[in-house]
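Enquirer: Can you keep this structure in mind? I'll have questions shortly.
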Amino acid sequence: MQQRTVLSRPISLAFISPAFILIALFLIYPFFSIFSMSFTNQALTGAAAKNPQYVGLDNYAELLDFDTWMTRGEFGSSILITAQFVLGSALIGQAGLGMSIALLFYRRNDLLRHLVYTLAIIAWITPDVVIGFAWFAFLDPNTGTLNNILGLFGLPAQDWLLKFPMLSIIAFNTWRGTAFSMLLFTSALSAISPSYLETSQVIGASRWQQFRDILLPMLHTTIATDLILITLWTFNTFTPYLLTGGGPGYQTELVSIYTYRIGLQNFEFGRGSAVAVAVMLINLVLASVYLIVSRARKTK
Amino acid sequence: MKSGWLARVLSNILGVALALFFLVPMLWFVFAPFNEHATLSVRIPENFTLNNFQVVFSNETAVRSLLQNSVIISGGVMVLTALIATLAAYGFSRGSLPGREIITYILILFSSVVTGTASLVPIFVLIYNLGMFNTYQGVILATVGGMLPTSIFIMRDFIDGLPRSYEEAAMVSGASPLQIFRDIVFPTLRPGVLVVAVMAFVSGWGAFLTPLILIRNASMRPASIAFYQFYSDEGSPNIPLVSTYAVLYTLPALLLYLFINARYGFRFFGGIKQ
């Protein structure tokens, strides 16, 4: 497609400049600040607070010390926990459930559809602090709603956050974030002309064939966009901290919570910064993979 | 569709199950605020009361946090994000900047990591040196900075889907780029601007860590932090009051969404996609 330009280069730069200034101040500057701090032993307390020393790659070597890094509460372990969390709650949970809801209510405009959509969106836009309380009450081992419901079916009460902490935060984050994928897929589906599906029905395609051969290929850029955004968001989300605090015994210590503990609870700024840089690199790899995959499919 | 009644019944059962899945964890908030002795369990109050609301409204700090501080902060975040992101997305979409795809992706990467907990230290130092510590502006600008990349990314999708012919026609008849933006692009983009504005408002309304670190003055802190007004000195929450305050705090974000949804329909991507 030929790209015509409406704006000359200086004018388009003028349009971008307010955004550029804020992004430079609050994203790019902190990034370089974190980057340079990651080579020091900067801390809030102790001798290193006043005179931080350049320590080269020591912080990184410590993170990647392969003898200990998979121990609970260490960097490698938190990355593994985060990977499970992203796979379970973002890719399977949010994207899967969001797509299922969008398909279930495809070309339906009834009360049930409005109910499901409104409730999912309420779960999405309610502030973190409130959601934290809600799920804390929901999962309470003694009088929580979940245990009360299970009790109706004669099932035993569980201390969910203690016994199944990982499952709990995966369910929590699926519940919390599905609305975004649901809305994105719904609007992409509504842009597809119904004539494609009608034609395929005439020649006897099954529902699954329609999904695989018509909808999926037409949705692949939307799916790539969705997966990039929710993977990055989920990878860096801090909200499960409100439920488990990373515990019990570091079992749910996502890498964001690990960073928080090192940097803002232990105040080891140097080490915390090294973690942040490592996380940034992982995010870069994730986004690049999706980018390459979606480009490759587009040119096919 | 050849789906028989069985398929229809099954899909309705599935739909009801989904509705319950999203509803049940929030059910607690429907009853607890109206019960003076609320616990963590969902129970229809025996003595329906508005007493909790009365106590909450008599706490001056909590009320100011909700009705003044949170409104200023998230309103500022909403207006600035929507305006600045739309301007930038328009510049990216209609200009001829080299490498704009890469730039947008890199910025999204930046925002997803740098808005994390690690960056709060340099942001604190920066805000302090700019003389914006303990001000609304500091929190607003820092939050907007973090929101911009994703907002620009979403707005660009809307703008890329917009035909250029209107703008070209306006250009031929001598309108300036700013006039074209104000009179043609911005109005046509209303659904997109609303998506970004609502996301920004909700994000500013819910922000917790940034204002916690950038505002020390209790009378200026937003509602997300004012919850601690209803904690005992030992740090345990007063459950009836916390649930009441939570409902009051959630309501504005919810009403804004419902209003916009009823008025314009909340959806992604513009209406005139080619």
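Naming works like this for the structure tokens: A, B, ... for the chains as they're shown, residue 1 at the start of each chain, ligands 1 onward in shown order.
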Need the shell around Ile101 (chain A): protein/DNA/RNA residues with any atom at most 9 Å away, counting only C-alpha atoms. Skip same-chain ones fewer than 3 positions apart. Format as a list in words?

Expert: Gly96, Leu97, Gly98, Leu104, Phe105, Tyr106, Arg113, Val116, Tyr117, Met182 and Thr186 of chain A; Gly15 and Leu18 of chain B

Enquirer: Pull out every residue of chain A sitting within 7 Å of chain B, counting only C-alpha atoms, and send them as a PyMOL selection string.

Expert: chain A and resi 5-9+12-13+15-16+18-19+22-23+26-27+30-31+33-34+104+112+115-116+119-120+122-123+125-130+134-135+137-138+143-145+175+183-184+187+232-233+236+256+259-260+263+272-273+276+280+283-284

Enquirer: Mind pulling up the distance from CA of Ala83 (chain A) to CA of Phe35 (chain A)?

Expert: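 Computing the Euclidean distance for CA of Phe35 (chain A) and CA of Ala83 (chain A) yields 23.6 Å.
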
Enquirer: Check the DSSP output for the backbone and give back, as a PyMOL selection string, the residues of region 181-252 of chain A in helix (DSSP H, G or I).

Expert: chain A and resi 181-190+194-202+207-236+241-244

Enquirer: Mind dumping the selected residues with N, CA and C atoms as a short mmCIF file (atom, residue, chain, number, x, y, z; two decimals), in the first residue's frame?

Expert:
```
data_model
loop_
_atom_site.label_atom_id
_atom_site.label_comp_id
_atom_site.auth_asym_id
_atom_site.auth_seq_id
_atom_site.Cartn_x
_atom_site.Cartn_y
_atom_site.Cartn_z
N SER A 181 -8.96 -8.57 26.68
CA SER A 181 -8.91 -9.46 25.52
C SER A 181 -10.31 -9.65 24.94
N MET A 182 -11.29 -9.78 25.83
CA MET A 182 -12.67 -9.97 25.39
C MET A 182 -13.13 -8.81 24.50
N LEU A 183 -12.87 -7.58 24.95
CA LEU A 183 -13.29 -6.40 24.18
C LEU A 183 -12.53 -6.30 22.87
N LEU A 184 -11.23 -6.60 22.92
CA LEU A 184 -10.41 -6.50 21.72
C LEU A 184 -10.88 -7.52 20.67
N PHE A 185 -11.09 -8.77 21.09
CA PHE A 185 -11.52 -9.80 20.16
C PHE A 185 -12.94 -9.53 19.65
N THR A 186 -13.78 -9.02 20.54
CA THR A 186 -15.16 -8.75 20.13
C THR A 186 -15.21 -7.73 19.00
N SER A 187 -14.41 -6.65 19.15
CA SER A 187 -14.48 -5.63 18.11
C SER A 187 -13.83 -6.12 16.83
N ALA A 188 -12.78 -6.95 16.95
CA ALA A 188 -12.16 -7.49 15.73
C ALA A 188 -13.13 -8.43 15.02
N LEU A 189 -13.84 -9.25 15.80
CA LEU A 189 -14.81 -10.18 15.20
C LEU A 189 -15.93 -9.42 14.50
N SER A 190 -16.36 -8.32 15.13
CA SER A 190 -17.50 -7.59 14.55
C SER A 190 -17.11 -6.90 13.24
N PRO A 194 -20.01 -10.86 7.71
CA PRO A 194 -20.70 -12.14 7.94
C PRO A 194 -20.81 -12.99 6.68
N SER A 195 -20.60 -12.38 5.50
CA SER A 195 -20.79 -13.15 4.27
C SER A 195 -19.79 -14.31 4.17
N TYR A 196 -18.59 -14.12 4.74
CA TYR A 196 -17.61 -15.21 4.71
C TYR A 196 -18.15 -16.45 5.41
N LEU A 197 -18.72 -16.20 6.60
CA LEU A 197 -19.21 -17.33 7.39
C LEU A 197 -20.42 -17.95 6.72
N GLU A 198 -21.29 -17.11 6.13
CA GLU A 198 -22.47 -17.64 5.47
C GLU A 198 -22.09 -18.53 4.29
N THR A 199 -21.10 -18.05 3.50
CA THR A 199 -20.65 -18.85 2.36
C THR A 199 -20.10 -20.20 2.83
N SER A 200 -19.30 -20.16 3.88
CA SER A 200 -18.68 -21.40 4.34
C SER A 200 -19.74 -22.35 4.88
N GLN A 201 -20.82 -21.78 5.42
CA GLN A 201 -21.89 -22.65 5.92
C GLN A 201 -22.59 -23.38 4.79
N VAL A 202 -22.76 -22.65 3.69
CA VAL A 202 -23.41 -23.24 2.53
C VAL A 202 -22.64 -24.46 2.04
N ARG A 207 -18.31 -25.67 12.76
CA ARG A 207 -17.98 -24.50 13.56
C ARG A 207 -16.47 -24.36 13.75
N TRP A 208 -15.84 -25.50 14.06
CA TRP A 208 -14.40 -25.48 14.31
C TRP A 208 -13.63 -25.09 13.04
N GLN A 209 -14.09 -25.63 11.87
CA GLN A 209 -13.43 -25.26 10.61
C GLN A 209 -13.60 -23.78 10.32
N GLN A 210 -14.79 -23.26 10.63
CA GLN A 210 -15.02 -21.83 10.41
C GLN A 210 -14.04 -21.00 11.25
N PHE A 211 -13.88 -21.43 12.51
CA PHE A 211 -12.99 -20.70 13.41
C PHE A 211 -11.55 -20.78 12.91
N ARG A 212 -11.11 -22.02 12.56
CA ARG A 212 -9.72 -22.23 12.21
C ARG A 212 -9.37 -21.61 10.85
N ASP A 213 -10.26 -21.75 9.88
CA ASP A 213 -9.89 -21.37 8.50
C ASP A 213 -10.35 -19.97 8.11
N ILE A 214 -11.33 -19.42 8.83
CA ILE A 214 -11.79 -18.08 8.45
C ILE A 214 -11.47 -17.05 9.52
N LEU A 215 -11.96 -17.30 10.75
CA LEU A 215 -11.80 -16.27 11.79
C LEU A 215 -10.35 -16.12 12.21
N LEU A 216 -9.69 -17.24 12.50
CA LEU A 216 -8.32 -17.18 13.02
C LEU A 216 -7.36 -16.44 12.10
N PRO A 217 -7.34 -16.77 10.79
CA PRO A 217 -6.43 -16.02 9.91
C PRO A 217 -6.75 -14.53 9.84
N MET A 218 -8.04 -14.19 9.94
CA MET A 218 -8.39 -12.78 9.86
C MET A 218 -8.09 -12.04 11.16
N LEU A 219 -7.96 -12.80 12.23
CA LEU A 219 -7.75 -12.18 13.53
C LEU A 219 -6.29 -12.15 13.96
N HIS A 220 -5.38 -12.67 13.11
CA HIS A 220 -4.06 -12.93 13.68
C HIS A 220 -3.31 -11.66 14.13
N THR A 221 -3.53 -10.52 13.44
CA THR A 221 -2.85 -9.31 13.95
C THR A 221 -3.43 -8.88 15.30
N THR A 222 -4.76 -8.98 15.43
CA THR A 222 -5.39 -8.65 16.70
C THR A 222 -4.88 -9.57 17.80
N ILE A 223 -4.78 -10.86 17.49
CA ILE A 223 -4.31 -11.82 18.49
C ILE A 223 -2.87 -11.49 18.88
N ALA A 224 -2.03 -11.16 17.88
CA ALA A 224 -0.64 -10.82 18.21
C ALA A 224 -0.59 -9.58 19.10
N THR A 225 -1.35 -8.54 18.74
CA THR A 225 -1.40 -7.33 19.56
C THR A 225 -1.82 -7.66 20.98
N ASP A 226 -2.89 -8.45 21.09
CA ASP A 226 -3.41 -8.81 22.41
C ASP A 226 -2.36 -9.56 23.22
N LEU A 227 -1.72 -10.56 22.59
CA LEU A 227 -0.77 -11.37 23.34
C LEU A 227 0.44 -10.56 23.78
N ILE A 228 0.91 -9.65 22.90
CA ILE A 228 2.04 -8.80 23.30
C ILE A 228 1.68 -8.00 24.54
N LEU A 229 0.54 -7.31 24.46
CA LEU A 229 0.18 -6.42 25.57
C LEU A 229 -0.06 -7.18 26.85
N ILE A 230 -0.87 -8.26 26.80
CA ILE A 230 -1.20 -8.92 28.07
C ILE A 230 0.01 -9.69 28.63
N THR A 231 0.89 -10.19 27.75
CA THR A 231 2.10 -10.85 28.27
C THR A 231 2.95 -9.84 29.03
N LEU A 232 3.17 -8.67 28.40
CA LEU A 232 4.02 -7.67 29.06
C LEU A 232 3.37 -7.18 30.35
N TRP A 233 2.07 -6.92 30.32
CA TRP A 233 1.38 -6.44 31.53
C TRP A 233 1.45 -7.48 32.64
N THR A 234 1.16 -8.75 32.27
CA THR A 234 1.12 -9.79 33.29
C THR A 234 2.51 -10.06 33.83
N PHE A 235 3.50 -10.00 32.95
CA PHE A 235 4.87 -10.23 33.38
C PHE A 235 5.28 -9.22 34.45
N ASN A 236 4.74 -8.01 34.37
CA ASN A 236 5.20 -6.95 35.26
C ASN A 236 4.18 -6.57 36.32
N TYR A 241 0.56 -9.24 44.85
CA TYR A 241 1.18 -8.94 46.14
C TYR A 241 0.12 -8.68 47.20
N LEU A 242 -1.00 -8.03 46.77
CA LEU A 242 -2.06 -7.69 47.72
C LEU A 242 -2.71 -8.94 48.31
N LEU A 243 -2.63 -10.06 47.58
CA LEU A 243 -3.25 -11.30 48.07
C LEU A 243 -2.29 -12.15 48.88
N THR A 244 -1.10 -12.35 48.36
CA THR A 244 -0.19 -13.32 48.99
C THR A 244 1.07 -12.68 49.54
#
```

Enquirer: Near Leu161 (chain A), within 10 Å and counting only C-alpha atoms, which residues show up once chain neighbours fewer than 4 positions away are dropped, as a list of chain:residue names?

Expert: A:Phe136, A:Leu139, A:Asp140, A:Pro141, A:Pro165, A:Met166, A:Leu167, A:Ser168, A:Ile169, A:Leu243, A:Thr244, A:Gly247, A:Pro248, A:Thr252

Enquirer: So how far away is CA of Gly76 (chain B) from CA of Ser176 (chain B), in Å?

Expert: 27.8 Å

Enquirer: Between CA of Arg156 (chain B) and CA of Arg100 (chain B), what is the spacing in Å?

Expert: 10.9 Å
